[in-house]
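*Asks:* Before anything else, here's the structure in question.
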Amino acid sequence: MTLDSPNGVPGLVALPRSLSSLAVSVGGLAIFLVLASLLMVSYPIRSTVRGYFYGVDNSNKLALPVFPGNESRDSNVDVINSDSPSGPSLEVPISSSGVNDSVDIDKNSLPSESDLQIPTANARQAEGVKEKGSPVAYSGKGNVLSNNSGGVDKRSVQTSLAISAPDSKSEAKPVLSDVSSNATPISSDDSGCDLYHGIWLFDSQGPSYTNNTCPVLTQMQNCQGNGRPDKEYENWRWKPSQCQLPRFDAKKFLELMRGKTLAFIGDSVARNQMESMLCLLWQAKVPKNRGNKRMQRYLFKSTSTMIVRIWSSWLVHKTSEPLDFAPEGIVKLHLDAPDEDFMEFILSFNVIVLSSGHWFAKQSVYVLNNEIVGGQLWWPDKSRSMKVNNIEAFGISTETILTSIITHPNYTGLTILRSYSPDHYEGGAWNTGGSCTGKVKPLAPGELVENGFTNIMHKKQVTAFDRAIKKVTNKSKLRLMDVTEPFGYRHDGHPGPYRSPDPNKITKRGPDGRPPPQDCLHWCMPGPVDTWNEFVLEIIRREFEGNRSSSS
């Protein structure tokens with residue numbers, strides 16, 4: 001039968017169908033849809049298609065292998081740790097160009113705390129590491145630690161894939177592959193550990209800040225900004241023999257110091273350490289400058305934490321008026337009286353870090369009980385006997401200031417005496433051609449040349465500390481931060497000739513072999529001095545968390 005279209009266009013043909021054939025077709029379609037639905041529920045089509053085209057099955061997580069020598073990151077990539085003050089992302093490497101080169105990593109494949117195997121002292125000795133008296137170990141072995149099962153130690157993954165073995169073509173370095181990240185909890189069992197005997201280990205993760213991310217860095221310590229060509233000195237971290245020294249955790253520090261004030265009191269090395277502390281904290285919180293002519297003060301408002309610095313060259317009372325045969329203008333140091341310039345403020349300080357020693361090489365007159373007993377670079381009457389030289393004066397001044405603090409009737413804070421900071425003027429003194437030019441890595445065992453002046457200054461200081469601590473009458477605490485031996489190995493950490501950004505400065509020896517003017521006393525920033533503040537944080541943690549435990 002031929003039917004016309006609605007518009008009368010011929011050719012639209014209708015084929016005859018019986019009612020029974022139509023019912024069979026509909027029923028078959030319904031059965032097909034039911035079976036297809038059951039199949040999709042039992043085996044999702046997305047997995048089938050993804051596996052067919054890409055060969056990937058979601059049921060198997062992709063684990064990233066770590067091979068010796070391949071754990072390091074590109075020098076142009078900063079891996080940001082979630083617990084680091086630098087930023088919030090753990091698995092997102094940010095390249096120097098600002099491109100987000102993210103990689104999906106299954107967090108379940110990262111090691112837990114129970115996976116970490118910390119080598120014991122015996123194990124380190126078996127590796128050829130000298131435990132005491134040799135803070136640097138070049139064993140050339142164990143660049144990537146193995147766990148008990150013989151597999152690759154996963155700690156290099158936990159520390160943002162940044163702890164690596166040195167390039168096989170370069171000189172072997174002791175590599176930091178067993179220092180925990182900021183997130184690693186510190187066991188209370190570490191509280192009795194000696195922090196000051198250990199080894200320097202190379203850490204490719206690098207410092208927590210750069211010279212470009214800290215606006216309070218003194219230019220003379222801005223070694224990279226002043227053109228120093230090498231950077232490896234920034235990457236060595238201190239590892240105590242018997243425990244861990246965690247990386248500086250700015251958030252942890254600010255929380256421990258909530259509502260408290262830390263004061264750095266002393267000479268230019270105290271300023272060096274204070275600026276290091278500010279640079280480390282700046283990566284987490286930006287402080288407000290509340291300083292004045294008498295003291296530098298930086299307030300971290302989130303925790304009401306104050307960082308203070310007060311200048312005190314010798315830590316004892318000084319005058320310039322004439323005294324006996326010492327004329328006006330020459331500094332007279334009253335070795336038996338504390339420096340009132342900061343003593344009047346100590347009740348507002350919860351933690352004090354003291355720094356002195358190097359100014360005892362400068363011209364001054366020594367006074368005890370209002371009597372001139374000695375002098376440095378000044379003693380006009382050779383017929384008079386000098387009772388006190390500069391080394392003895394340093395010891396007396398140290399005992400005086402410590403005793404004054406720990407017997408103050410109302411002071412209840414924590415006082416940290418930072419031991420004598422070693423300088424590294426080789427071949428002469430700071431003003432007679434001494435040099436640290438060209439030092440690019442820590443000294444190895446057997447390379448350290450004992451510095452007699454540093455040793456005797458350290459001995460006098462420790463003796464004064466031991467004498468003073470027996471005189472405590474208040475509720476304060478006194479601790480010695482003994483950095484002298486570990487930092488004797490860090491001749492690479494000073495600015496040397498890179499003391500200014502002047503592009504025309506002299507950095508090489510002259511034709512006569514004399515070195516250019518240089519600084520082998522202060523420390524580059526970032527650099528070894530940051531370790532001092534890791535010590536400070538650990539001392540504070542032990543004291544403050546210990547007090548909380550005992551009071552709870």
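Residue numbers start at 1 in each chain; chains themselves are named A, B, ... in the order of the structure tokens; ligands are numbered from 1 in the order shown.
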Could you tell me, as a VMD selection string, which residues of segment 170-413 of chain A DSSP assigns to strand (DSSP E) when given the backbone?
*Replies:* chain A and resid 198 to 202 236 to 240 261 to 266 288 to 289 296 to 300 305 to 311 316 to 319 332 to 338 351 to 355 364 to 368 371 to 376
*Asks:* Can you pull out every residue within 10 Å of segment 469-482 of chain A, counting only C-alpha atoms, but drop anything in the same chain fewer than 5 positions away, and send it as an MDAnalysis selection string?
*Replies:* chainID A and resid 194:197 350:354 399 402:421 458 461:462 464 487 532 535:536 539 543
*Asks:* Those same residues, written as a compact mmCIF listing (two decimals), in the first residue's frame with N, CA, C and O atoms?
*Replies:*
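Listing of out_30.txt after writing:
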```txt
# COMPACT_ATOMS: atom_id res chain seq x y z
N ASP A 194 73.84 14.53 74.29
CA ASP A 194 74.86 15.56 74.06
C ASP A 194 74.73 16.06 72.62
O ASP A 194 74.96 15.30 71.67
N LEU A 195 74.35 17.31 72.47
CA LEU A 195 74.13 17.87 71.13
C LEU A 195 75.42 18.27 70.43
O LEU A 195 75.41 18.50 69.22
N TYR A 196 76.53 18.33 71.14
CA TYR A 196 77.70 19.02 70.64
C TYR A 196 78.84 18.11 70.20
O TYR A 196 79.93 18.59 69.90
N HIS A 197 78.59 16.81 70.14
CA HIS A 197 79.54 15.88 69.55
C HIS A 197 78.83 15.12 68.45
O HIS A 197 77.77 14.52 68.68
N ASN A 350 62.48 36.20 78.93
CA ASN A 350 62.27 34.80 79.34
C ASN A 350 63.45 33.92 78.97
O ASN A 350 63.73 32.93 79.65
N VAL A 351 64.12 34.27 77.88
CA VAL A 351 65.31 33.54 77.44
C VAL A 351 66.37 34.57 77.05
O VAL A 351 66.07 35.53 76.34
N ILE A 352 67.59 34.35 77.54
CA ILE A 352 68.72 35.22 77.20
C ILE A 352 69.81 34.37 76.57
O ILE A 352 70.17 33.32 77.12
N VAL A 353 70.33 34.80 75.43
CA VAL A 353 71.48 34.15 74.79
C VAL A 353 72.65 35.13 74.84
O VAL A 353 72.56 36.23 74.28
N LEU A 354 73.73 34.74 75.53
CA LEU A 354 74.88 35.61 75.73
C LEU A 354 76.00 35.29 74.74
O LEU A 354 76.27 34.12 74.46
N GLU A 399 82.25 34.93 84.38
CA GLU A 399 81.73 34.54 85.69
C GLU A 399 80.92 35.68 86.31
O GLU A 399 79.87 35.44 86.93
N LEU A 402 77.36 35.94 84.48
CA LEU A 402 76.51 34.79 84.78
C LEU A 402 76.05 34.83 86.23
O LEU A 402 74.87 34.59 86.53
N THR A 403 76.95 35.14 87.13
CA THR A 403 76.60 35.21 88.55
C THR A 403 75.56 36.30 88.80
O THR A 403 74.61 36.11 89.58
N SER A 404 75.70 37.43 88.13
CA SER A 404 74.75 38.52 88.30
C SER A 404 73.35 38.12 87.87
O SER A 404 72.36 38.53 88.49
N ILE A 405 73.26 37.33 86.82
CA ILE A 405 71.94 36.92 86.31
C ILE A 405 71.31 35.86 87.21
O ILE A 405 70.13 35.95 87.57
N ILE A 406 72.08 34.85 87.58
CA ILE A 406 71.50 33.72 88.32
C ILE A 406 71.35 33.99 89.82
O ILE A 406 70.82 33.15 90.54
N THR A 407 71.80 35.16 90.26
CA THR A 407 71.56 35.55 91.65
C THR A 407 70.62 36.76 91.73
O THR A 407 70.37 37.28 92.82
N HIS A 408 70.13 37.22 90.59
CA HIS A 408 69.16 38.32 90.60
C HIS A 408 67.91 37.85 91.33
O HIS A 408 67.36 36.79 91.01
N PRO A 409 67.44 38.60 92.30
CA PRO A 409 66.36 38.09 93.16
C PRO A 409 65.05 37.78 92.46
O PRO A 409 64.28 36.94 92.92
N ASN A 410 64.80 38.41 91.30
CA ASN A 410 63.49 38.25 90.66
C ASN A 410 63.55 37.60 89.27
O ASN A 410 62.52 37.44 88.64
N TYR A 411 64.74 37.26 88.81
CA TYR A 411 64.84 36.69 87.47
C TYR A 411 64.59 35.18 87.53
O TYR A 411 65.19 34.46 88.34
N THR A 412 63.69 34.70 86.67
CA THR A 412 63.33 33.28 86.67
C THR A 412 63.49 32.65 85.28
O THR A 412 63.00 31.56 85.04
N GLY A 413 64.14 33.34 84.36
CA GLY A 413 64.22 32.87 82.99
C GLY A 413 65.31 31.85 82.74
O GLY A 413 65.95 31.32 83.65
N LEU A 414 65.51 31.57 81.46
CA LEU A 414 66.52 30.63 80.98
C LEU A 414 67.66 31.41 80.34
O LEU A 414 67.43 32.21 79.43
N THR A 415 68.88 31.20 80.82
CA THR A 415 70.06 31.87 80.26
C THR A 415 70.92 30.85 79.53
O THR A 415 71.28 29.81 80.10
N ILE A 416 71.24 31.14 78.27
CA ILE A 416 72.06 30.26 77.44
C ILE A 416 73.37 30.97 77.16
O ILE A 416 73.38 32.06 76.57
N LEU A 417 74.46 30.39 77.60
CA LEU A 417 75.78 30.93 77.29
C LEU A 417 76.31 30.23 76.05
O LEU A 417 76.61 29.04 76.07
N ARG A 418 76.39 30.99 74.94
CA ARG A 418 76.97 30.42 73.72
C ARG A 418 78.49 30.49 73.85
O ARG A 418 79.06 31.54 74.08
N SER A 419 79.12 29.34 73.68
CA SER A 419 80.56 29.29 73.87
C SER A 419 81.30 30.04 72.76
O SER A 419 80.71 30.43 71.75
N TYR A 420 82.58 30.21 72.97
CA TYR A 420 83.43 31.02 72.09
C TYR A 420 83.33 30.56 70.64
O TYR A 420 83.54 29.39 70.32
N SER A 421 83.02 31.52 69.76
CA SER A 421 82.87 31.22 68.34
C SER A 421 84.24 31.25 67.67
O SER A 421 84.89 32.29 67.65
N HIS A 458 88.05 29.22 75.19
CA HIS A 458 86.96 28.29 75.47
C HIS A 458 87.10 27.69 76.87
O HIS A 458 86.12 27.59 77.63
N GLN A 461 86.14 30.16 79.52
CA GLN A 461 84.70 30.38 79.52
C GLN A 461 83.96 29.23 80.21
O GLN A 461 83.06 29.47 81.04
N VAL A 462 84.34 28.02 79.91
CA VAL A 462 83.69 26.85 80.52
C VAL A 462 83.98 26.81 82.02
O VAL A 462 83.10 26.49 82.83
N ALA A 464 84.52 29.37 83.94
CA ALA A 464 83.68 30.41 84.53
C ALA A 464 82.24 29.95 84.65
O ALA A 464 81.56 30.23 85.66
N PHE A 487 82.22 23.93 65.43
CA PHE A 487 82.40 25.00 64.44
C PHE A 487 83.86 25.29 64.16
O PHE A 487 84.16 26.06 63.25
N TRP A 532 73.17 27.24 65.11
CA TRP A 532 73.10 27.75 66.49
C TRP A 532 71.65 27.89 66.95
O TRP A 532 71.33 27.61 68.10
N PHE A 535 70.13 24.67 67.83
CA PHE A 535 70.52 24.36 69.21
C PHE A 535 69.63 25.10 70.19
O PHE A 535 69.15 24.53 71.18
N VAL A 536 69.42 26.40 69.95
CA VAL A 536 68.59 27.20 70.85
C VAL A 536 67.19 26.63 70.95
O VAL A 536 66.63 26.49 72.05
N ILE A 539 67.24 23.45 73.05
CA ILE A 539 67.40 23.75 74.48
C ILE A 539 66.09 24.27 75.06
O ILE A 539 65.65 23.84 76.14
N GLU A 543 63.61 22.47 77.96
CA GLU A 543 63.26 23.16 79.20
C GLU A 543 61.76 23.37 79.32
O GLU A 543 61.16 23.05 80.35
```
*Asks:* Which value, in Å to one decimal, gives the distance between atom CA of Asn211 of chain A and atom CA of Gly227 of chain A?
*Replies:*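 It comes out at 11.6 Å.
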*Asks:* Show me, as a PDB file with all heavy atoms, in the first residue's frame, the residues that have an atom within 9 Å of Val286 of chain A when counting only C-alpha atoms, minus same-chain residues fewer than 2 positions from it.
*Replies:*
```pdb
ATOM      1  N   LEU A 281      62.576  32.626  61.216  1.00  0.00           N
ATOM      2  CA  LEU A 281      61.190  32.866  61.609  1.00  0.00           C
ATOM      3  C   LEU A 281      60.418  33.597  60.524  1.00  0.00           C
ATOM      4  O   LEU A 281      59.209  33.396  60.365  1.00  0.00           O
ATOM      5  CB  LEU A 281      61.143  33.671  62.904  1.00  0.00           C
ATOM      6  CG  LEU A 281      61.700  32.982  64.156  1.00  0.00           C
ATOM      7  CD1 LEU A 281      61.717  33.948  65.330  1.00  0.00           C
ATOM      8  CD2 LEU A 281      60.892  31.744  64.503  1.00  0.00           C
ATOM      9  N   TRP A 282      61.098  34.443  59.759  1.00  0.00           N
ATOM     10  CA  TRP A 282      60.461  35.259  58.728  1.00  0.00           C
ATOM     11  C   TRP A 282      59.775  34.407  57.669  1.00  0.00           C
ATOM     12  O   TRP A 282      58.828  34.844  57.016  1.00  0.00           O
ATOM     13  CB  TRP A 282      61.503  36.167  58.076  1.00  0.00           C
ATOM     14  CG  TRP A 282      60.965  37.483  57.591  1.00  0.00           C
ATOM     15  CD1 TRP A 282      60.155  37.702  56.505  1.00  0.00           C
ATOM     16  CD2 TRP A 282      61.205  38.768  58.173  1.00  0.00           C
ATOM     17  NE1 TRP A 282      59.892  39.033  56.375  1.00  0.00           N
ATOM     18  CE2 TRP A 282      60.519  39.725  57.380  1.00  0.00           C
ATOM     19  CE3 TRP A 282      61.936  39.211  59.275  1.00  0.00           C
ATOM     20  CZ2 TRP A 282      60.547  41.084  57.671  1.00  0.00           C
ATOM     21  CZ3 TRP A 282      61.960  40.558  59.552  1.00  0.00           C
ATOM     22  CH2 TRP A 282      61.272  41.474  58.770  1.00  0.00           C
ATOM     23  N   GLN A 283      60.254  33.180  57.494  1.00  0.00           N
ATOM     24  CA  GLN A 283      59.669  32.311  56.471  1.00  0.00           C
ATOM     25  C   GLN A 283      58.277  31.826  56.870  1.00  0.00           C
ATOM     26  O   GLN A 283      57.509  31.349  56.032  1.00  0.00           O
ATOM     27  CB  GLN A 283      60.587  31.110  56.207  1.00  0.00           C
ATOM     28  CG  GLN A 283      62.046  31.483  55.955  1.00  0.00           C
ATOM     29  CD  GLN A 283      62.225  32.598  54.947  1.00  0.00           C
ATOM     30  OE1 GLN A 283      61.768  32.494  53.808  1.00  0.00           O
ATOM     31  NE2 GLN A 283      62.898  33.678  55.362  1.00  0.00           N
ATOM     32  N   ALA A 284      57.940  31.951  58.178  1.00  0.00           N
ATOM     33  CA  ALA A 284      56.617  31.546  58.648  1.00  0.00           C
ATOM     34  C   ALA A 284      55.732  32.754  58.945  1.00  0.00           C
ATOM     35  O   ALA A 284      54.559  32.778  58.586  1.00  0.00           O
ATOM     36  CB  ALA A 284      56.750  30.668  59.896  1.00  0.00           C
ATOM     37  N   LYS A 288      56.731  42.628  63.313  1.00  0.00           N
ATOM     38  CA  LYS A 288      56.658  44.085  63.329  1.00  0.00           C
ATOM     39  C   LYS A 288      57.893  44.616  64.049  1.00  0.00           C
ATOM     40  O   LYS A 288      58.262  44.130  65.116  1.00  0.00           O
ATOM     41  CB  LYS A 288      55.389  44.549  64.056  1.00  0.00           C
ATOM     42  CG  LYS A 288      54.089  44.109  63.404  1.00  0.00           C
ATOM     43  CD  LYS A 288      53.862  44.810  62.071  1.00  0.00           C
ATOM     44  CE  LYS A 288      52.512  44.428  61.483  1.00  0.00           C
ATOM     45  NZ  LYS A 288      52.272  45.100  60.177  1.00  0.00           N
ATOM     46  N   LEU A 299      58.420  41.981  66.944  1.00  0.00           N
ATOM     47  CA  LEU A 299      57.256  41.332  67.544  1.00  0.00           C
ATOM     48  C   LEU A 299      56.537  40.466  66.524  1.00  0.00           C
ATOM     49  O   LEU A 299      56.166  40.939  65.443  1.00  0.00           O
ATOM     50  CB  LEU A 299      56.285  42.386  68.082  1.00  0.00           C
ATOM     51  CG  LEU A 299      54.955  41.860  68.615  1.00  0.00           C
ATOM     52  CD1 LEU A 299      55.170  40.983  69.848  1.00  0.00           C
ATOM     53  CD2 LEU A 299      54.001  43.018  68.938  1.00  0.00           C
ATOM     54  N   PHE A 300      56.356  39.196  66.876  1.00  0.00           N
ATOM     55  CA  PHE A 300      55.538  38.275  66.081  1.00  0.00           C
ATOM     56  C   PHE A 300      54.150  38.243  66.740  1.00  0.00           C
ATOM     57  O   PHE A 300      53.947  37.599  67.772  1.00  0.00           O
ATOM     58  CB  PHE A 300      56.182  36.888  66.038  1.00  0.00           C
ATOM     59  CG  PHE A 300      57.470  36.872  65.262  1.00  0.00           C
ATOM     60  CD1 PHE A 300      58.672  37.234  65.862  1.00  0.00           C
ATOM     61  CD2 PHE A 300      57.488  36.524  63.924  1.00  0.00           C
ATOM     62  CE1 PHE A 300      59.859  37.234  65.152  1.00  0.00           C
ATOM     63  CE2 PHE A 300      58.668  36.528  63.202  1.00  0.00           C
ATOM     64  CZ  PHE A 300      59.863  36.889  63.821  1.00  0.00           C
ATOM     65  N   LYS A 301      53.229  38.980  66.144  1.00  0.00           N
ATOM     66  CA  LYS A 301      51.943  39.255  66.792  1.00  0.00           C
ATOM     67  C   LYS A 301      51.095  38.013  66.987  1.00  0.00           C
ATOM     68  O   LYS A 301      50.330  37.930  67.944  1.00  0.00           O
ATOM     69  CB  LYS A 301      51.164  40.302  65.977  1.00  0.00           C
ATOM     70  CG  LYS A 301      51.859  41.665  65.926  1.00  0.00           C
ATOM     71  CD  LYS A 301      51.016  42.683  65.170  1.00  0.00           C
ATOM     72  CE  LYS A 301      49.736  43.019  65.928  1.00  0.00           C
ATOM     73  NZ  LYS A 301      48.999  44.113  65.238  1.00  0.00           N
TER      74      LYS A 301
END
```
*Asks:* Excluding Pro528 of chain A and any residue of its chain fewer than 4 positions from it, enumerate the residues within 7 Å of it, using only C-alpha atoms, and give them as an NGL selection string.
*Replies:* :A and (234 or 493 or 523)
*Asks:* For the selection you just gave me, I'd like the residues written to a file as a PDB file, in the first residue's frame, keeping N, CA and C atoms.
*Replies:*
```pdb
ATOM      1  N   GLU A 234      76.310  26.159  52.401  1.00  0.00           N
ATOM      2  CA  GLU A 234      74.949  26.306  52.926  1.00  0.00           C
ATOM      3  C   GLU A 234      74.300  24.962  53.225  1.00  0.00           C
ATOM      4  N   GLY A 493      82.557  28.578  56.308  1.00  0.00           N
ATOM      5  CA  GLY A 493      81.300  29.273  56.540  1.00  0.00           C
ATOM      6  C   GLY A 493      81.395  30.771  56.700  1.00  0.00           C
ATOM      7  N   TRP A 523      79.677  34.841  60.204  1.00  0.00           N
ATOM      8  CA  TRP A 523      79.211  33.689  59.417  1.00  0.00           C
ATOM      9  C   TRP A 523      78.275  34.126  58.300  1.00  0.00           C
TER      10      TRP A 523
END
```
*Asks:* Please report, as number ranges by chain, each residue of segment 288-435 of chain A to which DSSP assigns helix (DSSP H, G or I) when run on this structure's backbone.
*Replies:* A: 340-343, 346-348, 358-361, 390-406
*Asks:* Just the residues within 8 Å of segment 252-267 of chain A, please, counting only C-alpha atoms, with nothing from its chain fewer than 5 positions along; format it as a PyMOL selection string.
*Replies:* chain A and resi 273-274+303-315+342+348-356+359+537+540-541+544
